[in-house]
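> I'd like to ask you about the structure that follows.
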Amino acid sequence: MGKSVVVIGGGTAGMEAAGRLAHEGYSVTLIEKGEEFGGHLRDWYHLFPDRRSSDEVLAYLNNQVSHQNIRLLKGQRVTGFQRKGNEFIVSTGGGDTINADALLLATGFDLFKSQRKEEYGYGIYDNVITSADLEMMFRKKDLRLANGIIPERVGFLHCVGSRDEKVGNIYCSKLCCVTAVKQAIEVRKMIPSAKVFCFYMDMRMGGALYEELYKEAQEKYSVSFIRGKVSEVAVNINDRLVAKVEDTLAGRPLKMELDMLVLMAGMEMSEDGIKLADGAKLKRGENRFFQPADHHFGTNIGNMKGVFYAGACTAPLNITETISHARSAVTEIVNYLNSEK
């Protein structure tokens, strides 16, 4: 067709969109800052709600980008872009420039840096970890404490970096609750004797089969759910974690000993996405993600002509939603390029 598209970000959204655009006959350059494609998907072991292996989805995406119309660039960070006439000029840290007729930003998200919540002890106490750290343990099939002992009591703390005015994130990251439920089940499957607790503000299970997974966690795997806010984590004389919790249902404070505490880190706009937005004067919403042209029928369209968005650079999305959003971005790009003939 003689038309080209640059896709920035080689995670789930970028790979899906690149593959679809290539099959439509466009020349695509897919740029990924890391040394491997796949983004955060590579970090997860099983996916909710059916606990499917993430490797299956990654294999599908790798097949998508194997098309002859796609040029793959990895280990390169996009430093900026500008529009000249009807074309974009994209610059990379390696000094390369790439011309394109349309631009798709699929820069994804960063996990909230849990060190910012010092009261929970991440980076201070060995056995306070994040949900991403736990997924790495699942992949290695080795769930142990820092001293090599198998944990007997594991806690999950929801909403770390989300719904928190103190860190400037008042929005819900949407996926923390169901991730905690999935991981709690996996802990019980790996260590049947372990006691597992989830400390939550509200259980927000708004997705297909999410509520069923929540019910399964309680009835089949005996996961205990405590509606309460953890105010502080410390270590006692026995080298066990002690979490101070306010049980808001029972109306009383609790002190609970745990061997391991998993922080369910929320999602934030990626630092690379922020830099690109600021450099190109792309609008961002109150939650700092890219602001689409319309929240109902323009979620893939940016405020600069020819710039489109896909995936979790616009809002917290799960894998299914990310793939669907990438496909709708392709439709918008195809319509745009056809109108530019």
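Just so we're on the same page: first chain in the structure tokens is A, next is B, and so on; residues restart at 1 for each chain, and ligands are numbered from 1 in the order they show up.
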Do you know which residues are at most 9 Å from range 257-259 of chain A counting only C-alpha atoms, after dropping those on the same chain fewer than 3 positions away, and could you put them as a PyMOL selection string?

chain A and resi 127-128+145+150-155+235-236+239-243

> Where does range 182-253 of chain A meet range 42-65 of chain A within 9 Å, residue by residue, with the nearest atom pair and distance in Å to one decimal for each, counting only C-alpha atoms, listed by chain and rising number, as JSON lines?


```
{"residue": "A:Lys182", "atom": "CA", "partner": "A:Phe48", "partner_atom": "CA", "distance": 6.4}
{"residue": "A:Gln183", "atom": "CA", "partner": "A:His46", "partner_atom": "CA", "distance": 9.0}
{"residue": "A:Gly207", "atom": "CA", "partner": "A:Pro49", "partner_atom": "CA", "distance": 8.7}
{"residue": "A:Ala208", "atom": "CA", "partner": "A:Pro49", "partner_atom": "CA", "distance": 7.7}
{"residue": "A:Leu209", "atom": "CA", "partner": "A:Pro49", "partner_atom": "CA", "distance": 6.1}
{"residue": "A:Tyr210", "atom": "CA", "partner": "A:Pro49", "partner_atom": "CA", "distance": 6.0}
{"residue": "A:Glu212", "atom": "CA", "partner": "A:Pro49", "partner_atom": "CA", "distance": 8.7}
{"residue": "A:Leu213", "atom": "CA", "partner": "A:Pro49", "partner_atom": "CA", "distance": 6.6}
```

> List as a VMD selection string the protein and nucleic acid residues near His23 in chain A, meaning an atom at most 10 Å away when only C-alpha atoms are counted, but skip any in the same chain fewer than 5 places from it.

chain A and resid 17 to 18 64 to 65 67 to 70

> Those residues with N, CA and C atoms, as a PDB file, in the first residue's frame please?


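Writing done, so here's selection_17.pdb:
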```pdb
ATOM      1  N   ALA A  17      -1.192  -5.114  17.697  1.00  0.00           N
ATOM      2  CA  ALA A  17      -1.484  -4.101  16.689  1.00  0.00           C
ATOM      3  C   ALA A  17      -0.535  -4.209  15.500  1.00  0.00           C
ATOM      4  N   ALA A  18       0.740  -4.431  15.766  1.00  0.00           N
ATOM      5  CA  ALA A  18       1.718  -4.545  14.677  1.00  0.00           C
ATOM      6  C   ALA A  18       1.361  -5.699  13.755  1.00  0.00           C
ATOM      7  N   GLN A  64       2.252 -13.338  15.789  1.00  0.00           N
ATOM      8  CA  GLN A  64       1.689 -12.143  15.170  1.00  0.00           C
ATOM      9  C   GLN A  64       2.769 -11.258  14.545  1.00  0.00           C
ATOM     10  N   VAL A  65       3.904 -11.111  15.240  1.00  0.00           N
ATOM     11  CA  VAL A  65       4.934 -10.180  14.763  1.00  0.00           C
ATOM     12  C   VAL A  65       5.985 -10.863  13.888  1.00  0.00           C
ATOM     13  N   HIS A  67       5.431 -11.583  10.863  1.00  0.00           N
ATOM     14  CA  HIS A  67       5.024 -11.227   9.503  1.00  0.00           C
ATOM     15  C   HIS A  67       6.155 -10.491   8.775  1.00  0.00           C
ATOM     16  N   GLN A  68       6.251 -10.737   7.490  1.00  0.00           N
ATOM     17  CA  GLN A  68       7.333 -10.147   6.690  1.00  0.00           C
ATOM     18  C   GLN A  68       7.241  -8.628   6.575  1.00  0.00           C
ATOM     19  N   ASN A  69       6.062  -8.071   6.831  1.00  0.00           N
ATOM     20  CA  ASN A  69       5.900  -6.614   6.729  1.00  0.00           C
ATOM     21  C   ASN A  69       6.341  -5.868   7.985  1.00  0.00           C
ATOM     22  N   ILE A  70       6.806  -6.613   8.992  1.00  0.00           N
ATOM     23  CA  ILE A  70       7.174  -5.985  10.268  1.00  0.00           C
ATOM     24  C   ILE A  70       8.695  -5.950  10.429  1.00  0.00           C
TER      25      ILE A  70
END
```

> Fewer than 2 positions away in the same chain doesn't count, so skip those; otherwise give me all residues within 6 Å of range 284-301 of chain A, counting only C-alpha atoms, as an NGL selection string.

:A and (269 or 308-309 or 313-314 or 329)

> Export N, CA and C atoms of the chosen residues as a tab-separated table (two decimals), in the first residue's frame?


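See out.tsv below for the written result:
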```tsv
chain	number	residue	atom	x	y	z
A	269	MET	N	1.02	5.32	34.74
A	269	MET	CA	1.49	5.65	33.41
A	269	MET	C	3.00	5.44	33.36
A	308	PHE	N	-2.14	7.62	17.54
A	308	PHE	CA	-3.15	6.73	18.11
A	308	PHE	C	-2.57	6.02	19.34
A	309	TYR	N	-3.47	5.50	20.18
A	309	TYR	CA	-3.09	4.83	21.41
A	309	TYR	C	-3.65	3.41	21.44
A	313	CYS	N	-1.60	2.25	28.18
A	313	CYS	CA	-1.10	3.62	28.26
A	313	CYS	C	-2.26	4.60	28.41
A	314	THR	N	-3.51	4.10	28.26
A	314	THR	CA	-4.68	4.95	28.40
A	314	THR	C	-5.40	4.75	29.73
A	329	ALA	N	-7.58	-0.04	17.72
A	329	ALA	CA	-6.63	0.98	17.26
A	329	ALA	C	-6.26	0.75	15.80
```

> Between A:Leu73, A:Ala265, A:Ala217, A:Met201, which one has atoms that come closest to Leu175 in chain A, using only C-alpha atoms?

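Among A:Leu73, A:Ala265, A:Ala217, A:Met201, it is A:Ala265 that comes nearest to Leu175 in chain A.
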
> Find the residues around Lys305 in chain A up to 10 Å (only C-alpha atoms counted), leave out those fewer than 3 positions away in its own chain, and share them as an mmCIF file with N, CA and C atoms, in the first residue's frame.


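Output (selection.cif):
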```cif
data_model
loop_
_atom_site.group_PDB
_atom_site.id
_atom_site.type_symbol
_atom_site.label_atom_id
_atom_site.label_comp_id
_atom_site.auth_asym_id
_atom_site.auth_seq_id
_atom_site.Cartn_x
_atom_site.Cartn_y
_atom_site.Cartn_z
ATOM 1 N N ARG A 83 5.907 15.853 13.854
ATOM 2 C CA ARG A 83 5.139 15.748 12.623
ATOM 3 C C ARG A 83 5.611 16.814 11.647
ATOM 4 N N ASN A 86 2.587 15.564 6.300
ATOM 5 C CA ASN A 86 1.734 14.399 6.555
ATOM 6 C C ASN A 86 2.512 13.226 7.137
ATOM 7 N N ALA A 102 1.715 7.146 10.100
ATOM 8 C CA ALA A 102 0.907 7.146 11.330
ATOM 9 C C ALA A 102 1.746 6.593 12.465
ATOM 10 N N LEU A 103 1.338 6.955 13.660
ATOM 11 C CA LEU A 103 2.099 6.571 14.851
ATOM 12 C C LEU A 103 1.153 5.965 15.883
ATOM 13 N N ILE A 301 -7.732 7.437 19.901
ATOM 14 C CA ILE A 301 -7.336 8.608 19.118
ATOM 15 C C ILE A 301 -6.708 9.662 20.007
ATOM 16 N N GLY A 302 -5.518 10.154 19.604
ATOM 17 C CA GLY A 302 -4.831 11.198 20.339
ATOM 18 C C GLY A 302 -5.231 12.584 19.873
ATOM 19 N N PHE A 308 -2.141 7.621 17.538
ATOM 20 C CA PHE A 308 -3.146 6.727 18.107
ATOM 21 C C PHE A 308 -2.572 6.018 19.337
ATOM 22 N N TYR A 336 -7.929 6.057 9.052
ATOM 23 C CA TYR A 336 -7.174 7.312 8.907
ATOM 24 C C TYR A 336 -6.296 7.272 7.658
#
```

> Which residues in range 43-200 of chain A does DSSP call alpha helix (DSSP H)? List them as a PDB file with C-alpha atoms, in the first residue's frame.


```
ATOM      1  CA  SER A  54       1.132 -16.669  29.952  1.00  0.00           C
ATOM      2  CA  ASP A  55       3.530 -18.494  27.616  1.00  0.00           C
ATOM      3  CA  GLU A  56       0.562 -19.495  25.439  1.00  0.00           C
ATOM      4  CA  VAL A  57      -0.458 -15.868  24.920  1.00  0.00           C
ATOM      5  CA  LEU A  58       3.165 -14.855  24.361  1.00  0.00           C
ATOM      6  CA  ALA A  59       3.528 -17.557  21.684  1.00  0.00           C
ATOM      7  CA  TYR A  60       0.438 -16.164  19.935  1.00  0.00           C
ATOM      8  CA  LEU A  61       1.867 -12.629  20.010  1.00  0.00           C
ATOM      9  CA  ASN A  62       5.279 -13.765  18.760  1.00  0.00           C
ATOM     10  CA  ASN A  63       3.529 -15.406  15.830  1.00  0.00           C
ATOM     11  CA  GLN A  64       1.689 -12.143  15.170  1.00  0.00           C
ATOM     12  CA  SER A 131       2.958  -9.265  43.269  1.00  0.00           C
ATOM     13  CA  ALA A 132       5.542  -9.156  40.456  1.00  0.00           C
ATOM     14  CA  ASP A 133       8.188 -10.694  42.749  1.00  0.00           C
ATOM     15  CA  LEU A 134       5.776 -13.485  43.624  1.00  0.00           C
ATOM     16  CA  GLU A 135       5.134 -14.256  39.956  1.00  0.00           C
ATOM     17  CA  MET A 136       8.880 -14.791  39.497  1.00  0.00           C
ATOM     18  CA  MET A 137       8.779 -17.282  42.364  1.00  0.00           C
ATOM     19  CA  PHE A 138       5.871 -19.074  40.704  1.00  0.00           C
ATOM     20  CA  ARG A 139       7.827 -19.290  37.447  1.00  0.00           C
ATOM     21  CA  LYS A 140      10.760 -20.848  39.290  1.00  0.00           C
ATOM     22  CA  CYS A 176      -5.124  -5.799  41.929  1.00  0.00           C
ATOM     23  CA  CYS A 177      -8.067  -7.592  43.572  1.00  0.00           C
ATOM     24  CA  VAL A 178      -8.358 -10.366  41.019  1.00  0.00           C
ATOM     25  CA  THR A 179      -4.555 -10.739  40.868  1.00  0.00           C
ATOM     26  CA  ALA A 180      -4.460 -11.185  44.645  1.00  0.00           C
ATOM     27  CA  VAL A 181      -7.202 -13.825  44.462  1.00  0.00           C
ATOM     28  CA  LYS A 182      -5.393 -15.709  41.680  1.00  0.00           C
ATOM     29  CA  GLN A 183      -2.079 -15.569  43.531  1.00  0.00           C
ATOM     30  CA  ALA A 184      -3.652 -16.601  46.832  1.00  0.00           C
ATOM     31  CA  ILE A 185      -5.021 -19.719  45.142  1.00  0.00           C
ATOM     32  CA  GLU A 186      -1.634 -20.472  43.614  1.00  0.00           C
ATOM     33  CA  VAL A 187       0.077 -20.161  46.998  1.00  0.00           C
ATOM     34  CA  ARG A 188      -2.408 -22.614  48.500  1.00  0.00           C
ATOM     35  CA  LYS A 189      -1.881 -25.021  45.602  1.00  0.00           C
ATOM     36  CA  MET A 190       1.899 -24.897  46.024  1.00  0.00           C
TER      37      MET A 190
END
```

> Could you pull the residues within 7 Å of Ile98 in chain A, counting only C-alpha atoms, minus those fewer than 3 positions along the same chain, as a list in words?

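Final neighbour list, sorted by chain and number: Ile89, Val90 and Ser91 of chain A.
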
> Atoms to include: C-alpha atoms. Write the selected residues as a PDB file, in the first residue's frame.


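The file below, again12.pdb, is the result:
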```
ATOM      1  CA  ILE A  89       9.842  11.549  12.078  1.00  0.00           C
ATOM      2  CA  VAL A  90      10.625   9.260  15.009  1.00  0.00           C
ATOM      3  CA  SER A  91      14.009   9.508  16.759  1.00  0.00           C
TER       4      SER A  91
END
```

> Assign secondary structure with DSSP using the backbone only, and return the residues of range 137-305 of chain A in strand (DSSP E) as a PyMOL selection string.

chain A and resi 153-160+195-200+224-235+241-247+252-258+260-265+267-269

> With only C-alpha atoms as the atoms that count, which of A:Thr29, A:Gln115, A:Ser173, A:Ser224 lies nearest to Leu317 in chain A?

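Result for the nearest residue to Leu317 in chain A: A:Ser173.
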
> What gap, in Å, lies between CA of Gly19 in chain A and CA of Val334 in chain A?

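Between these atoms lies a distance of 13.2 Å.
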